[in-house]
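To start, the structure itself, in structure tokens.
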Protein chains: 2
Amino acid sequence: MPACCKVYGAMMQKKDCRLIYQGDAVLAGLLAKSGSIYSVAEVRSLISGVLGSAEARDPEAWCVLVAPDPSPALVAQLMGLKDQIAHDAAPDPIDGATYRARLASVRTGLVTLGIDGFLVPRADEFQNEYVPAGNERLQWLTGFNGSAGTAVVLGDRAAIFVDGRYTVQVRAEVDGSLFEYRHLVTEPPEEWLATALKPGQRFGYDPWLLTPAQVDKLRAGVAKAGAELVPVASNPLDAAWERRPAAPLGPVRAHELEFSGKSSADKRREIGEALSADKRDATVLTMADSLAWLLNIRGSDVPHTPLALGLAILDKDGQLDLFVDRRKLAPGLESHLGNSVAVRDMAEFGPALDALGGKIVQVDPVTTASWVFDRLDKAGARLVRAADPCKLPKAIKNPVELDGSRRAHRRDAAAMVKFLAWLDAEAPKGGLKEITVSDRLEAFRAEGDRFRDLSFPSISAAGPNAALPHYRSGPATERVLEPGTLYLIDSGAQYLDGTTDITRTVAIGTPTAEMKDRYTRVLKGHIALSMARFPKGTTGGALDVLARLPLWMAGVNFDHGTGHGVGSYLSVHEGPQRIAAFADTQPLIPGMILSNEPGYYKEGHFGIRIENLIVVTRLELPGAEREMSGFETITFCPIDRRPIELSLLSDDEIAWLDAYHAKTREIVLPTLEDPAARAWLEANTTPLRA
Amino acid sequence: MPACCKVYGAMMQKKDCRLIYQGDAVLAGLLAKSGSIYSVAEVRSLISGVLGSAEARDPEAWCVLVAPDPSPALVAQLMGLKDQIAHDAAPDPIDGATYRARLASVRTGLVTLGIDGFLVPRADEFQNEYVPAGNERLQWLTGFNGSAGTAVVLGDRAAIFVDGRYTVQVRAEVDGSLFEYRHLVTEPPEEWLATALKPGQRFGYDPWLLTPAQVDKLRAGVAKAGAELVPVASNPLDAAWERRPAAPLGPVRAHELEFSGKSSADKRREIGEALSADKRDATVLTMADSLAWLLNIRGSDVPHTPLALGLAILDKDGQLDLFVDRRKLAPGLESHLGNSVAVRDMAEFGPALDALGGKIVQVDPVTTASWVFDRLDKAGARLVRAADPCKLPKAIKNPVELDGSRRAHRRDAAAMVKFLAWLDAEAPKGGLKEITVSDRLEAFRAEGDRFRDLSFPSISAAGPNAALPHYRSGPATERVLEPGTLYLIDSGAQYLDGTTDITRTVAIGTPTAEMKDRYTRVLKGHIALSMARFPKGTTGGALDVLARLPLWMAGVNFDHGTGHGVGSYLSVHEGPQRIAAFADTQPLIPGMILSNEPGYYKEGHFGIRIENLIVVTRLELPGAEREMSGFETITFCPIDRRPIELSLLSDDEIAWLDAYHAKTREIVLPTLEDPAARAWLEANTTPLRA
């Protein structure tokens with residue numbers, strides 16, 4: 001990240017050191033001079049959307065949305081105005097009464113709507129992992145900051161439902177006198193509602209925020225109480241939420257062919273042909289990462305994933321209607337999209353669905369809001385429920401995407417090596433804290449070419465904090481890296497040419513025998529998966545055991561998946577491929593990128609995870625009788641050898657690790673200039689067995 | 001098997017050397033004297049049923065069905081009459097015109113029924129793996145002898161559908177001018193029908209022979225052609241089939257508590273309580289092995305599995321109505337069943353379903369004929385589709401069943417060791433043929449206590465024949481065991497206290513380097529699965545890869561499951577547990593018995609399989625943090641060490657094999673008297689590494 005941006009970012013956060021906005025008249029003049037199509041009032045509205053989008057690495061980037069080639073004076077005024085609007089829009093400080101008042105206000109809204117209760121999932125209209133600020137309704141209502149959860153509001157009771165990861169956190173963040181604490185998995189909302197609702201009551205939900213399957217489950221619970229489930233036309237939280245962030249308007253740019261490897265026209269033609277072959281007239285696309293892939297565009301509406309939120313209808317002839325706020329399209333984007341893509345207002349989406357009456361329309365029931373199903377049903381469309389047709393081709397990276405990912409990983413490796421060298425030098429001095437450490441890594445990453453963002457908030461976990469697989473440092477929770485502990489850092493970045501995700505666990509001082517035993521078993525699992533060869537048709541679910549067996553032999557395990565799919569400058573969590581202990585039907589196909597990240601967690605003591613990204617690769621084995629695949633590891637970064645219990649490793653495993661380190665040195669050393677980092681890399685890639 | 005039976009069996013087969021039946025008057029007198037309730041005519045009918053059942057080890061056993069304590073004179077006359085009836089009922093010899101005539105006759109039947117086509121699956125009303133003679137309709141119509149397949153008869157065309165195992169065999173057995181050959185998996189009947197049927201045609205099926213899901217699939221295909229799918233009230237093949245074997249009347253006996261370990265009353269009470277807890281009033285049971293388990297009874301209606309075909313309705317209070325031909329109940333069985341079990345005629349089953357109108361009835365959609373669903377629907381029952389509630393408790397063996405199985409396996413091991421010793425002595429002399437060899441093994445088994453039957457037809461496969469995993473020797477196909485080949489024997493037995501299933505692959509002369517490589521990889525897979533430890537909740541599907549990985553590393557695989565469930569003196573193939581490469585949701589639970597049988601098959605050359613039975617067992621590991629299980633191997637028999645390529649085995653694998661052989665010697669040696677067998681066992685259980 002360039003230094004100026006860093007300084008500006010800090011200014012923005014402090015809110016007390018603003019660029020000076022010289023008034024509407026000055027701005028109006030500059031707008032006119034630059035050929036902007038917007039009035040000052042329109043610019044104010046646009047800025048609200050920009051403020052609702054993810055913080056950009058380049059904070060001035062959005063200015064091109066106002067005028068294709070803004071003058072420095074215009075940029076200065078736009079930045080000043082944005083800062084002013086941000087200041088005015090800042091929510092009042094939170095105090096003890098805030099959430100009580102919000103809950104009361106929502107309850108008033110329920111009365112207005114004629115309903116007796118309402119469901120508040122953490123979701124947006126696009127079923128994304130990261131949601132825009134204006135969709136953080138659960139957080140606004142309850143104060144809960146976790147990444148998954150649901151609240152239920154009734155007239156006299158309310159409850160918040162979180163999973164095992166958040167049972168401690170929810171008690172710290174949410175007022176138990178307002179919300180009962182419930183377990184999302186063992187006491188889900190639908191079961192709670194089955195006893196909490198009274199016969200004849202009407203329970204509401206926002207049909208944009210639930211899939212049809214979720215609605216069905218909810219309806220069953222509500223019905224058990226003799227109550228009725230009703231969709232609402234407008235979300236009562238939005239009415240109650242003062243200064244709710246606007247829908248995001250992060251600039252949308254072309255993702256060039258040198259990175260995407262295939263034109264959008266070709267992609268649309270192929271998907272259209274597949275729809276045709278299946279006798280479908282059209283499909284509705286609501287997943288933002290599908291749109292990004294299909295149209296070769298990237299946006300900045302949400303943090304960490306370069307998504308441009310929007311909706312689309314793709315015809316079997318490859319013609320696509322893109323429903324999006326056109327204000328966020330960067331100059332030139334419409335011509336990039338071409339004639340076969342019609343950009344239309346979001347408001348036209350409903351009528352466009354109505355126009356599909358009588359057509360055979362494919363919709364993904366797992367990722368599409370029930371609102372879409374209801375509307376298509378009403379329009380008389382013939383619905384075919386099937387997976388989003390972009391899902392699989394997006395997951396199978398083409399050679400250009402794979403080359404980009406390999407290059408991105410080499411830059412990421414250089415940052416990781418500089419970081420680990422720095423850490424090994426600094427940690428013994430004592431006093432290093434989690435956030436300081438992960439900020440240092442972010443700074444190293446930001447030095448790399450084509451860096452755009454972190455791919456997720458870094459998990460920087462010292463000592464017992466690492467025992468929480470999804471831990472996130474905060475001022476109240478962060479710990480000092482102390483001797484005799486393990487430090488875990490799980491992090492990744494978004495580069496224009498690829499997405500990375502890597503975890504290393506580092507010995508701070510001397511690890512215990514137990515830590516070494518567990519670390520070595522995690523490493524054995526990681527290596528076993530890396531070395532596996534498997535015939536065509538094998539699922540990730542079938543291979544999962546390889547990463548776990550060394551732990552199982554000692555009677556221990558880890559409670560998360562072994563691997564998730566990873567996108568190409570897109571989502572760091574991507575389907576349909578996975579490596580996890582579940583009934584999997586998706587074969588691993590050459591070109592898919594996955595993580596390989598077994599771990600071990602001892603509550604209150606320590607945590608271990610070793611993660612590389614791997615690519616499913618076709619193998620040509622002499623004598624093979626089947627079409628075989630294996631994994632190519634694309635993450636190159638030394639794996640700490642200090643916590644290894646060598647007697648637990650087989651000859652094959654030692655050979656794998658030595659070869660991995662040799663290759664890491666070969667690849668990363670030429671990219672390093674700093675003598676200390678070079679020396680560290682050389683010292684940390686020598687063979688275990690010379 | 002006692003010598004007299006063997007001789008008698010041979011007499012029965014030759015049909016030319018019969019006991020002399022002295023006429024109805026003599027029999028009538030003997031019946032009266034013995035207190036039989038039957039007339040001569042009734043005895044003739046009963047004998048038809050006996051002839052339709054599986055050949056009993058004790059051919060006179062059925063006589064107790066006529067009179068509880070028949071005199072030797074009565075037995076002689078009954079045997080004579082049975083022999084006479086069998087002779088008269090023997091079908092005409094098959095010639096070139098037979099199948100053409102049968103097909104024509106069925107087509108005439110279609111016209112009578114007003115349908116344009118008919119489906120002929122290989123199935124009975126109970127969805128069993130082995131079907132009674134009178135249900136071998138596919139074989140009767142087409143001549144096909146395989147264990148799976150379907151035929152379709154239309155007015156002008158007919159086709160037979162078989163899977164990959166039978167593509168060669170079907171051409172040898174079925175006249176291609178009568179039946180087109182189709183692949184059951186890649187061109188299933190429903191797809192063929194979608195183009196073969198004409199709009200408006202009516203295609204028939206027997207609702208007793210298909211499950212609802214099968215009917216739905218068929219209906220979709222028929223509908224594509226614009227035709228209509230119709231159930232028939234009576235099967236047109238049965239009308240066309242002259243001298244069709246009667247429904248089987250194999251004697252049904254109590255399976256005593258010393259073998260079952262739990263009373264039927266306790267089982268019925270527990271299942272009834274589970275139904276109650278799930279708010280169900282009753283369940284319909286149609287799986288004969290569920291009935292056998294639930295009622296602690298064993299029959300002999302079909303070969304190799306001691307089933308008593310019948311149907312049942314179990315109430316939530318544990319009361320059971322058993323619909324069965326009561327003539328086959330051995331003396332004393334009704335009192336064994338007790339007052340809470342009502343024995344009713346098969347004809348009363350339909351009306352009994354009608355009486356469930358308004359009740360909540362659980363029925364297994366995977367194993368129950370669609371006839372049952374149709375009838376319950378019509379009666380107004382509220383159907384809940386869920387797995388047969390006996391399935392899981394039957395699979396989880398109790399300690400008495402496990403002890404019985406261990407004992408049965410020790411006797412089986414003695415037979416196997418005698419056999420392998422004999423084989424090693426005889427094979428070098430040359431000229432040994434497959435059927436001779438498997439007959440010898442059967443004879444050794446029959447010497448064991450509590451032996452009742454083989455658990456399936458032995459797979460005795462020399463050289464290239466072993467490359468067919470489901471090979472069955474016949475006079476035309478069997479081969480001589482020749483030097484430089486591998487001989488594969490997959491076999492098992494039914495003992496009163498347990499069911500066995502074991503495969504060994506034996507070097508005849510010197511194996512090639514390729515054979516040794518593959519054999520060793522199969523062995524590595526077998527050992528890996530045996531040694532695995534896994535946490536509660538792990539499925540067989542998750543472990544399957546362990547048995548395959550050593551083969552995958554060389555680019556090869558095997559195309560069958562790694563393990564199937566095994567019953568307790570019941571089905572040798574039993575669900576719901578499996579170890580196979582599919583999306584599995586059934587956890588392995590302590591007490592489940594499975595096979596562990598990886599293999600390798602090189603078409604036209606050789607085949608390898610190594611199979612032991614294993615029991616899922618709770619483990620107490622020091623330091624374990626999870627509830628862990630592992631496998632106890634209960635099959636003890638030397639694994640041929642001659643084809644092992646020692647350099648491919650790890651130290652752990654060698655240690656496993658040496659420990660296995662040491663335990664085999666410890667367990668089996670005390671049960672052997674024959675010095676040659678003892679010497680062979682001692683020589684073949686020495687450690688690989690002394």
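Every chain in the structure tokens takes a letter, A first, then B, and so on in the order presented; its residues are numbered from 1, and the ligands are numbered from 1 following the presented order.
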
Give me the chain B side of the contact with chain A, cut-off 7 Å, one line per residue showing its nearest atom pair and distance in Å at one decimal, counting only C-alpha atoms, sorted by chain and residue number, as JSON lines.
```
{"residue": "B:Arg533", "atom": "CA", "partner": "A:Met553", "partner_atom": "CA", "distance": 5.5}
{"residue": "B:Phe534", "atom": "CA", "partner": "A:Trp552", "partner_atom": "CA", "distance": 5.6}
{"residue": "B:Pro535", "atom": "CA", "partner": "A:Trp552", "partner_atom": "CA", "distance": 6.9}
{"residue": "B:Gly541", "atom": "CA", "partner": "A:Ala542", "partner_atom": "CA", "distance": 6.9}
{"residue": "B:Ala542", "atom": "CA", "partner": "A:Ala542", "partner_atom": "CA", "distance": 5.5}
{"residue": "B:Leu543", "atom": "CA", "partner": "A:Val545", "partner_atom": "CA", "distance": 6.5}
{"residue": "B:Val545", "atom": "CA", "partner": "A:Ala542", "partner_atom": "CA", "distance": 6.2}
{"residue": "B:Trp552", "atom": "CA", "partner": "A:Phe534", "partner_atom": "CA", "distance": 5.5}
{"residue": "B:Met553", "atom": "CA", "partner": "A:Arg533", "partner_atom": "CA", "distance": 5.5}
{"residue": "B:Ala554", "atom": "CA", "partner": "A:Ala624", "partner_atom": "CA", "distance": 6.3}
{"residue": "B:Gly555", "atom": "CA", "partner": "A:Ala624", "partner_atom": "CA", "distance": 4.0}
{"residue": "B:Val556", "atom": "CA", "partner": "A:Glu625", "partner_atom": "CA", "distance": 5.4}
{"residue": "B:Ala581", "atom": "CA", "partner": "A:Ala542", "partner_atom": "CA", "distance": 6.8}
{"residue": "B:Ala583", "atom": "CA", "partner": "A:Ala583", "partner_atom": "CA", "distance": 4.1}
{"residue": "B:Asp584", "atom": "CA", "partner": "A:Ala583", "partner_atom": "CA", "distance": 5.2}
{"residue": "B:Thr585", "atom": "CA", "partner": "A:Ala583", "partner_atom": "CA", "distance": 6.0}
{"residue": "B:Leu621", "atom": "CA", "partner": "A:Gly555", "partner_atom": "CA", "distance": 6.5}
{"residue": "B:Gly623", "atom": "CA", "partner": "A:Gly555", "partner_atom": "CA", "distance": 7.0}
{"residue": "B:Ala624", "atom": "CA", "partner": "A:Gly555", "partner_atom": "CA", "distance": 4.0}
{"residue": "B:Glu625", "atom": "CA", "partner": "A:Val556", "partner_atom": "CA", "distance": 5.4}
{"residue": "B:Arg626", "atom": "CA", "partner": "A:Gly555", "partner_atom": "CA", "distance": 5.9}
{"residue": "B:Met628", "atom": "CA", "partner": "A:Gly555", "partner_atom": "CA", "distance": 6.3}
```

Can you list, as a PyMOL selection string, every protein, DNA or RNA residue that comes within 10 Å of region 424-435 of chain A when you count only C-alpha atoms, leaving out same-chain residues fewer than 3 positions away? chain A and resi 419-421+438-441+458-462+465+472-475+477-483+487-489+506-509+676+680

Do you know which residues are at most 9 Å from Arg411 (chain A) counting only C-alpha atoms, after dropping those on the same chain fewer than 3 positions away, and could you put them as a list in words? Arg406, Arg407, Ala408, Ala414, Ala415, Met416, Arg445, Gly448, Asp449, Val668 and Thr671 of chain A

Mind checking which residues fall within 12 Å of Arg253 (chain B), counting only C-alpha atoms, ignoring those fewer than 5 positions away in the same chain, and posting them as a count of residues only? 26

Considering only C-alpha atoms, return as a list in words whatever protein or nucleic-acid residues lie within 9 Å of Glu258 (chain B), sequence-local ones (same chain, fewer than 2 positions apart) excluded. His255, Glu256, Ser260, Gly261, Lys262, Val400, Glu401, Gly404 and Asp497 of chain B

Using DSSP on the backbone, list every residue of region 536-619 of chain A that comes out as helix (DSSP H, G or I), and give them as a PyMOL selection string. chain A and resi 540-552

Could you turn the residues from that selection into a file that holds C-alpha atoms, as an mmCIF file, in the first residue's frame?
```
data_model
loop_
_atom_site.group_PDB
_atom_site.id
_atom_site.type_symbol
_atom_site.label_atom_id
_atom_site.label_comp_id
_atom_site.auth_asym_id
_atom_site.auth_seq_id
_atom_site.Cartn_x
_atom_site.Cartn_y
_atom_site.Cartn_z
ATOM 1 C CA GLY A 540 -12.886 -33.923 -1.872
ATOM 2 C CA GLY A 541 -15.013 -35.664 0.743
ATOM 3 C CA ALA A 542 -13.348 -38.953 -0.157
ATOM 4 C CA LEU A 543 -9.849 -37.532 0.411
ATOM 5 C CA ASP A 544 -10.574 -35.658 3.625
ATOM 6 C CA VAL A 545 -9.555 -38.572 5.856
ATOM 7 C CA LEU A 546 -5.971 -38.402 4.554
ATOM 8 C CA ALA A 547 -5.458 -35.074 6.301
ATOM 9 C CA ARG A 548 -7.006 -36.330 9.544
ATOM 10 C CA LEU A 549 -5.739 -39.873 10.008
ATOM 11 C CA PRO A 550 -2.432 -38.965 11.729
ATOM 12 C CA LEU A 551 -4.459 -36.999 14.296
ATOM 13 C CA TRP A 552 -7.105 -39.705 14.603
#
```

Taking the DSSP assignment computed from this structure's backbone, write out as JSON, numbers by chain all residues of region 251-355 of chain A that belong to strand (DSSP E or B). {"A": [252, 253, 254, 282, 283, 284, 285, 297, 298, 311, 312, 313, 314, 315, 320, 321, 322, 323, 329, 341, 342, 343, 344]}

What does the file look like for those residues with N, CA and C atoms, as a PDB file, in the first residue's frame?
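Below is the file again.pdb, written as the result:
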```pdb
ATOM      1  N   VAL A 252     -16.901  -0.316 -10.469  1.00  0.00           N
ATOM      2  CA  VAL A 252     -16.830  -1.609 -11.157  1.00  0.00           C
ATOM      3  C   VAL A 252     -15.928  -1.450 -12.359  1.00  0.00           C
ATOM      4  N   ARG A 253     -14.901  -2.321 -12.464  1.00  0.00           N
ATOM      5  CA  ARG A 253     -13.939  -2.211 -13.556  1.00  0.00           C
ATOM      6  C   ARG A 253     -13.873  -3.511 -14.330  1.00  0.00           C
ATOM      7  N   ALA A 254     -13.304  -3.407 -15.501  1.00  0.00           N
ATOM      8  CA  ALA A 254     -13.092  -4.606 -16.323  1.00  0.00           C
ATOM      9  C   ALA A 254     -12.004  -5.473 -15.701  1.00  0.00           C
ATOM     10  N   ALA A 282     -33.728 -19.645 -20.026  1.00  0.00           N
ATOM     11  CA  ALA A 282     -32.944 -18.593 -19.373  1.00  0.00           C
ATOM     12  C   ALA A 282     -32.583 -19.036 -17.970  1.00  0.00           C
ATOM     13  N   THR A 283     -31.667 -18.293 -17.382  1.00  0.00           N
ATOM     14  CA  THR A 283     -31.356 -18.515 -15.965  1.00  0.00           C
ATOM     15  C   THR A 283     -31.242 -17.169 -15.281  1.00  0.00           C
ATOM     16  N   VAL A 284     -31.602 -17.159 -13.992  1.00  0.00           N
ATOM     17  CA  VAL A 284     -31.453 -15.951 -13.184  1.00  0.00           C
ATOM     18  C   VAL A 284     -30.195 -16.105 -12.341  1.00  0.00           C
ATOM     19  N   LEU A 285     -29.293 -15.135 -12.437  1.00  0.00           N
ATOM     20  CA  LEU A 285     -28.031 -15.196 -11.703  1.00  0.00           C
ATOM     21  C   LEU A 285     -28.036 -14.149 -10.600  1.00  0.00           C
ATOM     22  N   ILE A 297     -15.743  -8.781 -14.763  1.00  0.00           N
ATOM     23  CA  ILE A 297     -15.746  -7.487 -14.061  1.00  0.00           C
ATOM     24  C   ILE A 297     -15.370  -7.730 -12.601  1.00  0.00           C
ATOM     25  N   ARG A 298     -14.833  -6.684 -11.968  1.00  0.00           N
ATOM     26  CA  ARG A 298     -14.567  -6.744 -10.532  1.00  0.00           C
ATOM     27  C   ARG A 298     -15.008  -5.425  -9.929  1.00  0.00           C
ATOM     28  N   LEU A 311     -27.757  -8.192 -10.239  1.00  0.00           N
ATOM     29  CA  LEU A 311     -28.550  -9.366 -10.583  1.00  0.00           C
ATOM     30  C   LEU A 311     -28.534  -9.502 -12.097  1.00  0.00           C
ATOM     31  N   ALA A 312     -28.791 -10.686 -12.606  1.00  0.00           N
ATOM     32  CA  ALA A 312     -28.754 -10.830 -14.053  1.00  0.00           C
ATOM     33  C   ALA A 312     -29.712 -11.908 -14.522  1.00  0.00           C
ATOM     34  N   ILE A 313     -30.140 -11.759 -15.747  1.00  0.00           N
ATOM     35  CA  ILE A 313     -30.893 -12.807 -16.432  1.00  0.00           C
ATOM     36  C   ILE A 313     -30.118 -13.132 -17.703  1.00  0.00           C
ATOM     37  N   LEU A 314     -29.719 -14.397 -17.814  1.00  0.00           N
ATOM     38  CA  LEU A 314     -28.972 -14.833 -18.991  1.00  0.00           C
ATOM     39  C   LEU A 314     -29.876 -15.680 -19.875  1.00  0.00           C
ATOM     40  N   ASP A 315     -29.991 -15.296 -21.141  1.00  0.00           N
ATOM     41  CA  ASP A 315     -30.770 -16.083 -22.090  1.00  0.00           C
ATOM     42  C   ASP A 315     -29.936 -17.221 -22.650  1.00  0.00           C
ATOM     43  N   LEU A 320     -27.406 -11.131 -22.105  1.00  0.00           N
ATOM     44  CA  LEU A 320     -27.545 -10.982 -20.655  1.00  0.00           C
ATOM     45  C   LEU A 320     -28.088  -9.607 -20.292  1.00  0.00           C
ATOM     46  N   ASP A 321     -29.054  -9.582 -19.399  1.00  0.00           N
ATOM     47  CA  ASP A 321     -29.532  -8.328 -18.810  1.00  0.00           C
ATOM     48  C   ASP A 321     -28.907  -8.198 -17.440  1.00  0.00           C
ATOM     49  N   LEU A 322     -28.136  -7.125 -17.245  1.00  0.00           N
ATOM     50  CA  LEU A 322     -27.461  -6.888 -15.968  1.00  0.00           C
ATOM     51  C   LEU A 322     -28.198  -5.795 -15.224  1.00  0.00           C
ATOM     52  N   PHE A 323     -28.737  -6.141 -14.053  1.00  0.00           N
ATOM     53  CA  PHE A 323     -29.473  -5.171 -13.246  1.00  0.00           C
ATOM     54  C   PHE A 323     -28.530  -4.662 -12.174  1.00  0.00           C
ATOM     55  N   LEU A 329     -20.555   1.981 -12.459  1.00  0.00           N
ATOM     56  CA  LEU A 329     -19.752   1.457 -13.565  1.00  0.00           C
ATOM     57  C   LEU A 329     -18.657   2.467 -13.925  1.00  0.00           C
ATOM     58  N   VAL A 341     -24.759  -7.384 -23.689  1.00  0.00           N
ATOM     59  CA  VAL A 341     -25.095  -7.189 -22.280  1.00  0.00           C
ATOM     60  C   VAL A 341     -25.848  -5.869 -22.156  1.00  0.00           C
ATOM     61  N   ALA A 342     -27.090  -5.957 -21.700  1.00  0.00           N
ATOM     62  CA  ALA A 342     -27.885  -4.739 -21.503  1.00  0.00           C
ATOM     63  C   ALA A 342     -27.836  -4.351 -20.036  1.00  0.00           C
ATOM     64  N   VAL A 343     -27.353  -3.146 -19.750  1.00  0.00           N
ATOM     65  CA  VAL A 343     -27.320  -2.667 -18.364  1.00  0.00           C
ATOM     66  C   VAL A 343     -28.674  -2.032 -18.047  1.00  0.00           C
ATOM     67  N   ARG A 344     -29.313  -2.524 -17.010  1.00  0.00           N
ATOM     68  CA  ARG A 344     -30.659  -2.034 -16.666  1.00  0.00           C
ATOM     69  C   ARG A 344     -30.723  -1.680 -15.187  1.00  0.00           C
TER      70      ARG A 344
END
```

Selected residue, from B:Ser455, B:Gln362, B:Ser647, B:Thr98, that lies nearest to Ser568 (chain B) when counting only C-alpha atoms: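 Using only C-alpha atoms, the shortest distance to Ser568 (chain B) belongs to B:Ser455.
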
What's around region 224-228 of chain B at 7 Å? Count only C-alpha atoms, leave out sequence neighbours fewer than 4 positions away in its own chain, and write the answer as an MDAnalysis selection string. chainID B and resid 194:195 197:203 220

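Taking only C-alpha atoms into account, Val615 (chain B) lies nearest to B:Ile396 out of the set B:Leu657, B:Ile360, B:Ala97, B:Ile396.
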
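Atom to atom, CA of Ala369 (chain A) and CA of Pro212 (chain A) stand 6.9 Å apart.
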
Residue nearest Arg326 (chain B) - candidates B:Val222, B:Ala467, B:Leu184, B:Leu309, atoms counted: only C-alpha atoms: B:Leu309

What is the distance, in Å and to one decimal place, between CA of Ser147 (chain B) and CA of Val168 (chain B)?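 Taking CA of Ser147 (chain B) and CA of Val168 (chain B), their separation equals 13.9 Å.
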
Distance query Thr286 (chain B) at most 8 Å, only C-alpha atoms, self and fewer than 5 positions along chain excluded, as a list of chain:residue names: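 Final neighbour list, sorted by chain and number: B:Phe126, B:Leu291, B:Gly310, B:Leu311, B:Ala312, B:Thr367, B:Thr368.
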
Would you output that residue set with N, CA and C atoms, as an mmCIF file, in the first residue's frame?
```cif
data_model
loop_
_atom_site.group_PDB
_atom_site.id
_atom_site.type_symbol
_atom_site.label_atom_id
_atom_site.label_comp_id
_atom_site.auth_asym_id
_atom_site.auth_seq_id
_atom_site.Cartn_x
_atom_site.Cartn_y
_atom_site.Cartn_z
ATOM 1 N N PHE B 126 -40.118 -58.826 -1.988
ATOM 2 C CA PHE B 126 -39.458 -58.460 -0.739
ATOM 3 C C PHE B 126 -38.129 -57.759 -0.992
ATOM 4 N N LEU B 291 -37.537 -59.012 9.430
ATOM 5 C CA LEU B 291 -38.453 -59.910 10.142
ATOM 6 C C LEU B 291 -37.684 -60.985 10.893
ATOM 7 N N GLY B 310 -42.127 -63.122 4.224
ATOM 8 C CA GLY B 310 -43.399 -62.758 4.832
ATOM 9 C C GLY B 310 -43.462 -61.246 4.941
ATOM 10 N N LEU B 311 -44.548 -60.746 5.480
ATOM 11 C CA LEU B 311 -44.744 -59.302 5.633
ATOM 12 C C LEU B 311 -45.245 -59.067 7.047
ATOM 13 N N ALA B 312 -45.092 -57.866 7.532
ATOM 14 C CA ALA B 312 -45.532 -57.623 8.904
ATOM 15 C C ALA B 312 -45.967 -56.178 9.097
ATOM 16 N N THR B 367 -37.054 -49.944 0.212
ATOM 17 C CA THR B 367 -37.150 -51.405 0.229
ATOM 18 C C THR B 367 -38.577 -51.931 0.121
ATOM 19 N N THR B 368 -39.550 -51.055 0.005
ATOM 20 C CA THR B 368 -40.941 -51.513 0.038
ATOM 21 C C THR B 368 -41.593 -51.358 -1.337
#
```

Of the candidates A:Ile608, A:Val302, A:Ala159, A:Leu30, which one gets nearest to Ala466 (chain A) if we count only C-alpha atoms?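 Nearest candidate to Ala466 (chain A) out of A:Ile608, A:Val302, A:Ala159, A:Leu30: A:Ile608.
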